[in-house]
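Please read the structure below before turning to the comments.
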Amino acid sequence: MFNHDLILGILGGGQLEKMSAMSAAELGIKVIIYTDEQDAPASQVAYKTINGALDDLEALEQFAQHVDIITYEFENMPLESIKHLQKFKPVLPDERLLEISQHRIREKTFLNDLGIKTTNWHPVSRVEDVEKLFKETNQSAFIIKTNRFGYDGKGQVKVKIDQDFKKEFGSLKTTDLIAEEIVDFMAEISVIVARDKTGRLVNYPPVVNEHKNHILHKTIAPAEMPPEILGKAIEAAYKVANEIDLIGVLSVEYFVTAEGEVLANEIAPRPHNSGHWTIDACDFSQFDQHVRAVCALDVIPPYQHSKAEMINLIGDDVKECDKYLRQEKTHLHLYGKKEIRPGRKMGHVTILK
Ligand code: AMP
């Protein structure tokens, strides 16, 4: 029996949490947001907001007392905080997913152990390690990434064999690094899956993602690609979800090479920017499925009723919103962030085709 008085606690107060809170509200589920941000986007639609630092165990405990179930849509949530919260209320998805996705080497090891291909990678910590790699491999360039806290191209630099890369390397400010071989990809795609407590697993059609300055610019749904390529991507995402006994939503991003190889790049342990189109082009969105799964309800095989293109409004792009408001078949979503900053995700539009 569905508990009509359910209160869902969400860690984080950004646009993902805002869209999940809207899905929850549709089912009469009240959402309490826990965030370190004043005037967070999600607070505009949530039942309540509790402000506190993400590592303030006392404040987190208070938050746990007010909710029935807790979820997170922010992968940099300290693991210690999640472990602490679990003493009081269920936290979904399981912390193992968070632990894996918070560290690139752990993530790639997990994927490779499941038989899922990635680009070749090497742990590095010093400039000398990269110089050694140039001698030992036939690569003329690598992307060096911080293992933790990297997103939207932050915490990564490209280094070339014939270059003095000490300065770039130093800018990463940590020795916990990974060197990735550069993939000459034909396209980037991603798959979103949702799994509930009964183990029922559903997926959205794979989509093509185009990036600008390492930030997602456009998603085209569905991806028009040979079925065997799409099949490999879906199969790998299913393997990940089943392996960690997912309850919730996750996304896997891939590179597709000209030879038809599908290489996993990243796991997001939550609804993903490349799934925002599902709000307007599907019967159930990724946020609906996430709320359903963590609240012990069934996930539903989604039906895409329209082809769609999603465009992120980054920084000043948001000033074009009047144009989109007048455009047919165009759904404008603004996140309610006051300050426009370069590289900041201010909103998105979904254009139905
Ligand atoms: P990431 O933070 O790993 O998602 O990287 C952000 C973007 O940088 C990706 O979406 C790609 O466009 C590019 N990128 C990252 N890693 C690689 C790689 N190993 N080879 C080629 N391009 C990459």
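Residue numbering restarts at 1 for every chain of the structure tokens, chains are lettered A, B, ... in their displayed order, and ligands are numbered from 1 as they appear.
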(request) Please provide as number ranges by chain all residues within 8 Å of A:His272, with the sequence filter that same-chain residues fewer than 6 positions apart are discarded (counting only C-alpha atoms). (result) A: 16, 192, 250-251
I need the chosen residues saved as an mmCIF file, in the first residue's frame, with N, CA, C and O atoms.
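Everything below was put into again.cif:
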data_model
loop_
_atom_site.group_PDB
_atom_site.id
_atom_site.type_symbol
_atom_site.label_atom_id
_atom_site.label_comp_id
_atom_site.auth_asym_id
_atom_site.auth_seq_id
_atom_site.Cartn_x
_atom_site.Cartn_y
_atom_site.Cartn_z
ATOM 1 N N LEU A 16 18.615 19.225 -10.666
ATOM 2 C CA LEU A 16 18.174 17.819 -10.685
ATOM 3 C C LEU A 16 17.196 17.579 -9.546
ATOM 4 O O LEU A 16 16.136 16.973 -9.716
ATOM 5 N N ILE A 192 20.161 5.928 -19.988
ATOM 6 C CA ILE A 192 19.629 6.062 -18.627
ATOM 7 C C ILE A 192 18.780 4.835 -18.323
ATOM 8 O O ILE A 192 17.926 4.451 -19.130
ATOM 9 N N LEU A 250 20.312 5.547 -12.935
ATOM 10 C CA LEU A 250 21.700 5.893 -13.230
ATOM 11 C C LEU A 250 21.869 6.069 -14.725
ATOM 12 O O LEU A 250 21.030 5.622 -15.517
ATOM 13 N N SER A 251 22.987 6.714 -15.074
ATOM 14 C CA SER A 251 23.267 6.923 -16.484
ATOM 15 C C SER A 251 24.698 6.499 -16.764
ATOM 16 O O SER A 251 25.572 6.636 -15.901
#
(request) Write out as a ChimeraX atom specification which residues come within 12 Å of A:Arg292 when counting only C-alpha atoms, dropping same-chain ones fewer than 2 positions away. (result) /A:2,6,8,20-21,23-29,69,71,92,194-197,247-249,284-290,294-300
(message) Under the rule that only C-alpha atoms and all ligand atoms are counted, which of A:Val256, A:Ile116, A:Val127, A:Val31 is the nearest residue to ligand 1?
(response) A:Val256
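Of note, atom CA of A:Cys282 and atom CA of A:Ser190 are spaced 16.6 Å apart.
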(request) Taking only C-alpha atoms and all ligand atoms into account, report as a ChimeraX atom specification which residues have an atom no farther than 8 Å from an atom of ligand 1. (result) /A:119,142-143,145,150-156,180-185,188,210-211,214-216,253,255,265-266
Can I get the selected residues back with N, CA, C and O atoms, as a short mmCIF file (atom, residue, chain, number, x, y, z; two decimals), in the first residue's frame?
data_model
loop_
_atom_site.label_atom_id
_atom_site.label_comp_id
_atom_site.auth_asym_id
_atom_site.auth_seq_id
_atom_site.Cartn_x
_atom_site.Cartn_y
_atom_site.Cartn_z
N THR A 119 38.37 3.29 -22.48
CA THR A 119 39.65 3.61 -23.10
C THR A 119 40.75 3.03 -22.21
O THR A 119 40.52 2.77 -21.03
N PHE A 142 47.79 12.32 -23.95
CA PHE A 142 46.88 11.72 -22.96
C PHE A 142 45.98 12.80 -22.40
O PHE A 142 46.34 13.99 -22.43
N ILE A 143 44.83 12.39 -21.86
CA ILE A 143 44.07 13.33 -21.03
C ILE A 143 44.34 12.92 -19.59
O ILE A 143 44.13 11.76 -19.22
N LYS A 145 43.29 13.34 -15.81
CA LYS A 145 42.11 13.79 -15.06
C LYS A 145 42.32 13.54 -13.56
O LYS A 145 42.94 12.55 -13.19
N GLY A 150 35.87 15.87 -10.52
CA GLY A 150 35.93 16.46 -11.86
C GLY A 150 34.52 16.46 -12.46
O GLY A 150 33.78 15.52 -12.29
N TYR A 151 34.16 17.53 -13.11
CA TYR A 151 32.90 17.54 -13.86
C TYR A 151 32.96 18.63 -14.91
O TYR A 151 33.75 19.58 -14.78
N ASP A 152 32.17 18.48 -15.97
CA ASP A 152 32.13 19.46 -17.05
C ASP A 152 33.53 19.91 -17.48
O ASP A 152 33.78 21.10 -17.70
N GLY A 153 34.44 18.96 -17.60
CA GLY A 153 35.78 19.28 -18.09
C GLY A 153 36.70 19.89 -17.04
O GLY A 153 37.87 20.15 -17.31
N LYS A 154 36.17 20.10 -15.83
CA LYS A 154 37.04 20.65 -14.76
C LYS A 154 37.89 19.51 -14.23
O LYS A 154 37.45 18.37 -14.17
N GLY A 155 39.13 19.85 -13.86
CA GLY A 155 40.01 18.81 -13.33
C GLY A 155 40.53 17.89 -14.41
O GLY A 155 40.72 16.70 -14.17
N GLN A 156 40.75 18.42 -15.62
CA GLN A 156 41.40 17.60 -16.64
C GLN A 156 42.20 18.46 -17.61
O GLN A 156 41.81 19.58 -17.90
N GLU A 180 44.31 9.02 -19.35
CA GLU A 180 43.46 8.26 -20.28
C GLU A 180 43.97 8.43 -21.70
O GLU A 180 44.31 9.54 -22.12
N GLU A 181 43.98 7.32 -22.44
CA GLU A 181 44.28 7.42 -23.87
C GLU A 181 43.13 8.16 -24.54
O GLU A 181 41.96 7.99 -24.16
N ILE A 182 43.47 9.01 -25.49
CA ILE A 182 42.45 9.85 -26.12
C ILE A 182 41.68 9.03 -27.16
O ILE A 182 42.27 8.35 -27.99
N VAL A 183 40.37 9.07 -27.05
CA VAL A 183 39.52 8.29 -27.97
C VAL A 183 39.15 9.18 -29.15
O VAL A 183 38.66 10.29 -28.97
N ASP A 184 39.40 8.66 -30.33
CA ASP A 184 39.00 9.38 -31.54
C ASP A 184 37.56 8.95 -31.84
O ASP A 184 37.31 8.06 -32.63
N PHE A 185 36.62 9.58 -31.12
CA PHE A 185 35.25 9.07 -31.21
C PHE A 185 34.46 9.72 -32.34
O PHE A 185 34.72 10.85 -32.75
N GLU A 188 29.37 10.69 -29.00
CA GLU A 188 29.21 10.36 -27.59
C GLU A 188 27.74 10.05 -27.36
O GLU A 188 26.86 10.78 -27.83
N GLU A 210 26.22 16.12 -27.62
CA GLU A 210 27.26 16.99 -28.19
C GLU A 210 27.72 17.96 -27.10
O GLU A 210 26.88 18.56 -26.42
N HIS A 211 29.04 18.07 -26.96
CA HIS A 211 29.59 18.95 -25.92
C HIS A 211 30.21 20.20 -26.53
O HIS A 211 30.71 20.17 -27.65
N HIS A 214 33.63 21.10 -23.20
CA HIS A 214 33.49 19.97 -22.26
C HIS A 214 32.15 19.95 -21.52
O HIS A 214 31.96 19.13 -20.63
N ILE A 215 31.25 20.86 -21.82
CA ILE A 215 29.95 20.87 -21.12
C ILE A 215 28.90 20.38 -22.11
O ILE A 215 28.92 20.76 -23.29
N LEU A 216 27.97 19.58 -21.63
CA LEU A 216 26.91 19.09 -22.52
C LEU A 216 26.18 20.28 -23.14
O LEU A 216 25.70 21.16 -22.43
N GLU A 253 27.71 7.05 -19.71
CA GLU A 253 28.12 7.78 -20.92
C GLU A 253 29.18 6.96 -21.66
O GLU A 253 30.05 6.36 -21.02
N PHE A 255 31.77 6.57 -25.43
CA PHE A 255 32.32 7.02 -26.70
C PHE A 255 32.02 5.92 -27.72
O PHE A 255 32.19 4.74 -27.40
N ASN A 265 32.62 5.75 -20.54
CA ASN A 265 33.45 6.83 -20.00
C ASN A 265 33.12 7.12 -18.54
O ASN A 265 34.01 7.17 -17.71
N GLU A 266 31.83 7.27 -18.25
CA GLU A 266 31.47 7.69 -16.88
C GLU A 266 30.13 7.12 -16.47
O GLU A 266 29.23 7.00 -17.30
#
(request) Would you return as a PyMOL selection string the members of stretch 33-68 of chain A that DSSP assigns to strand (DSSP E) on this structure's backbone? (result) chain A and resi 33-35+48-51
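Closest approach to A:His276 among A:Ala241, A:Ile340, A:Val349, A:Leu60 is made by A:Val349 (distances from only C-alpha atoms).
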(request) Tell me which protein, DNA and RNA residues are within 9 Å of A:Arg126, counting only C-alpha atoms, leaving out same-chain ones fewer than 6 positions away, and put them as a list in words. (result)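 Counting only the stated atoms, we get Phe169, Thr175 and Leu177 of chain A.
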(request) May I ask for the distance between atom CA of A:Tyr303 and atom CA of A:Glu235, given in Å to one decimal place? (result)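 Distance reported for this atom pair: 18.9 Å.
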Contacts of A:Val240 within 10 Å, only C-alpha atoms, excl. fewer than 6 positions in-chain, as a PDB file with N, CA and C atoms, in the first residue's frame:
ATOM      1  N   LEU A  97      27.383   2.561  -5.129  1.00  0.00           N
ATOM      2  CA  LEU A  97      27.324   3.250  -6.420  1.00  0.00           C
ATOM      3  C   LEU A  97      28.029   4.602  -6.324  1.00  0.00           C
ATOM      4  N   PHE A 110      35.868  -1.063 -11.934  1.00  0.00           N
ATOM      5  CA  PHE A 110      34.545  -1.706 -11.787  1.00  0.00           C
ATOM      6  C   PHE A 110      33.983  -2.066 -13.175  1.00  0.00           C
ATOM      7  N   LEU A 111      34.056  -1.123 -14.102  1.00  0.00           N
ATOM      8  CA  LEU A 111      33.519  -1.366 -15.450  1.00  0.00           C
ATOM      9  C   LEU A 111      34.296  -2.489 -16.136  1.00  0.00           C
ATOM     10  N   LEU A 114      33.571  -5.911 -15.027  1.00  0.00           N
ATOM     11  CA  LEU A 114      32.286  -6.428 -15.532  1.00  0.00           C
ATOM     12  C   LEU A 114      32.372  -6.791 -17.022  1.00  0.00           C
ATOM     13  N   ILE A 116      33.141  -4.570 -19.315  1.00  0.00           N
ATOM     14  CA  ILE A 116      32.740  -3.389 -20.090  1.00  0.00           C
ATOM     15  C   ILE A 116      34.002  -2.622 -20.481  1.00  0.00           C
ATOM     16  N   VAL A 193      19.040   4.229 -17.151  1.00  0.00           N
ATOM     17  CA  VAL A 193      18.235   3.085 -16.727  1.00  0.00           C
ATOM     18  C   VAL A 193      17.632   3.386 -15.360  1.00  0.00           C
ATOM     19  N   LEU A 246      20.899  -1.719  -8.116  1.00  0.00           N
ATOM     20  CA  LEU A 246      20.390  -0.338  -8.152  1.00  0.00           C
ATOM     21  C   LEU A 246      18.934  -0.233  -7.717  1.00  0.00           C
ATOM     22  N   LEU A 250      20.312   5.547 -12.935  1.00  0.00           N
ATOM     23  CA  LEU A 250      21.700   5.893 -13.230  1.00  0.00           C
ATOM     24  C   LEU A 250      21.869   6.069 -14.725  1.00  0.00           C
ATOM     25  N   SER A 251      22.987   6.714 -15.074  1.00  0.00           N
ATOM     26  CA  SER A 251      23.267   6.923 -16.484  1.00  0.00           C
ATOM     27  C   SER A 251      24.698   6.499 -16.764  1.00  0.00           C
ATOM     28  N   VAL A 252      24.921   5.940 -17.950  1.00  0.00           N
ATOM     29  CA  VAL A 252      26.287   5.612 -18.369  1.00  0.00           C
ATOM     30  C   VAL A 252      26.562   6.366 -19.674  1.00  0.00           C
ATOM     31  N   ILE A 267      29.991   6.885 -15.160  1.00  0.00           N
ATOM     32  CA  ILE A 267      28.690   6.511 -14.596  1.00  0.00           C
ATOM     33  C   ILE A 267      28.210   7.698 -13.771  1.00  0.00           C
TER      34      ILE A 267
END
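Considering only C-alpha atoms, the residue among A:Gln62, A:Asn312, A:Ser171, A:Asn120 positioned nearest to A:Asn138 is A:Asn120.
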(message) To one decimal place in Å, what is the distance between atom CA of A:His122 and atom CA of A:Ile178?
(response)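 Here the two named atoms are 5.7 Å from each other.
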(request) Identify, on the basis of only C-alpha atoms, every residue whose closest approach to A:Leu54 does not exceed 8 Å; exclude the query and any residue fewer than 5 positions from it along the same chain; express the result as number ranges by chain. (result) A: 35-36, 60, 77-78, 81
How would the residues just picked look written out with C-alpha atoms as a PDB file, in the first residue's frame?
ATOM      1  CA  THR A  35      21.583  21.787   0.953  1.00  0.00           C
ATOM      2  CA  ASP A  36      24.469  24.066   1.811  1.00  0.00           C
ATOM      3  CA  LEU A  60      22.247  15.702   8.763  1.00  0.00           C
ATOM      4  CA  MET A  77      28.259  14.025  -1.353  1.00  0.00           C
ATOM      5  CA  PRO A  78      30.797  12.907   1.293  1.00  0.00           C
ATOM      6  CA  SER A  81      27.708  11.654   5.524  1.00  0.00           C
TER       7      SER A  81
END
(message) Quick one: residues within 8 Å of A:Leu11, only C-alpha atoms, excluding same-chain residues fewer than 6 positions away - as number ranges by chain?
(response) A: 17, 33-35, 70-74, 77
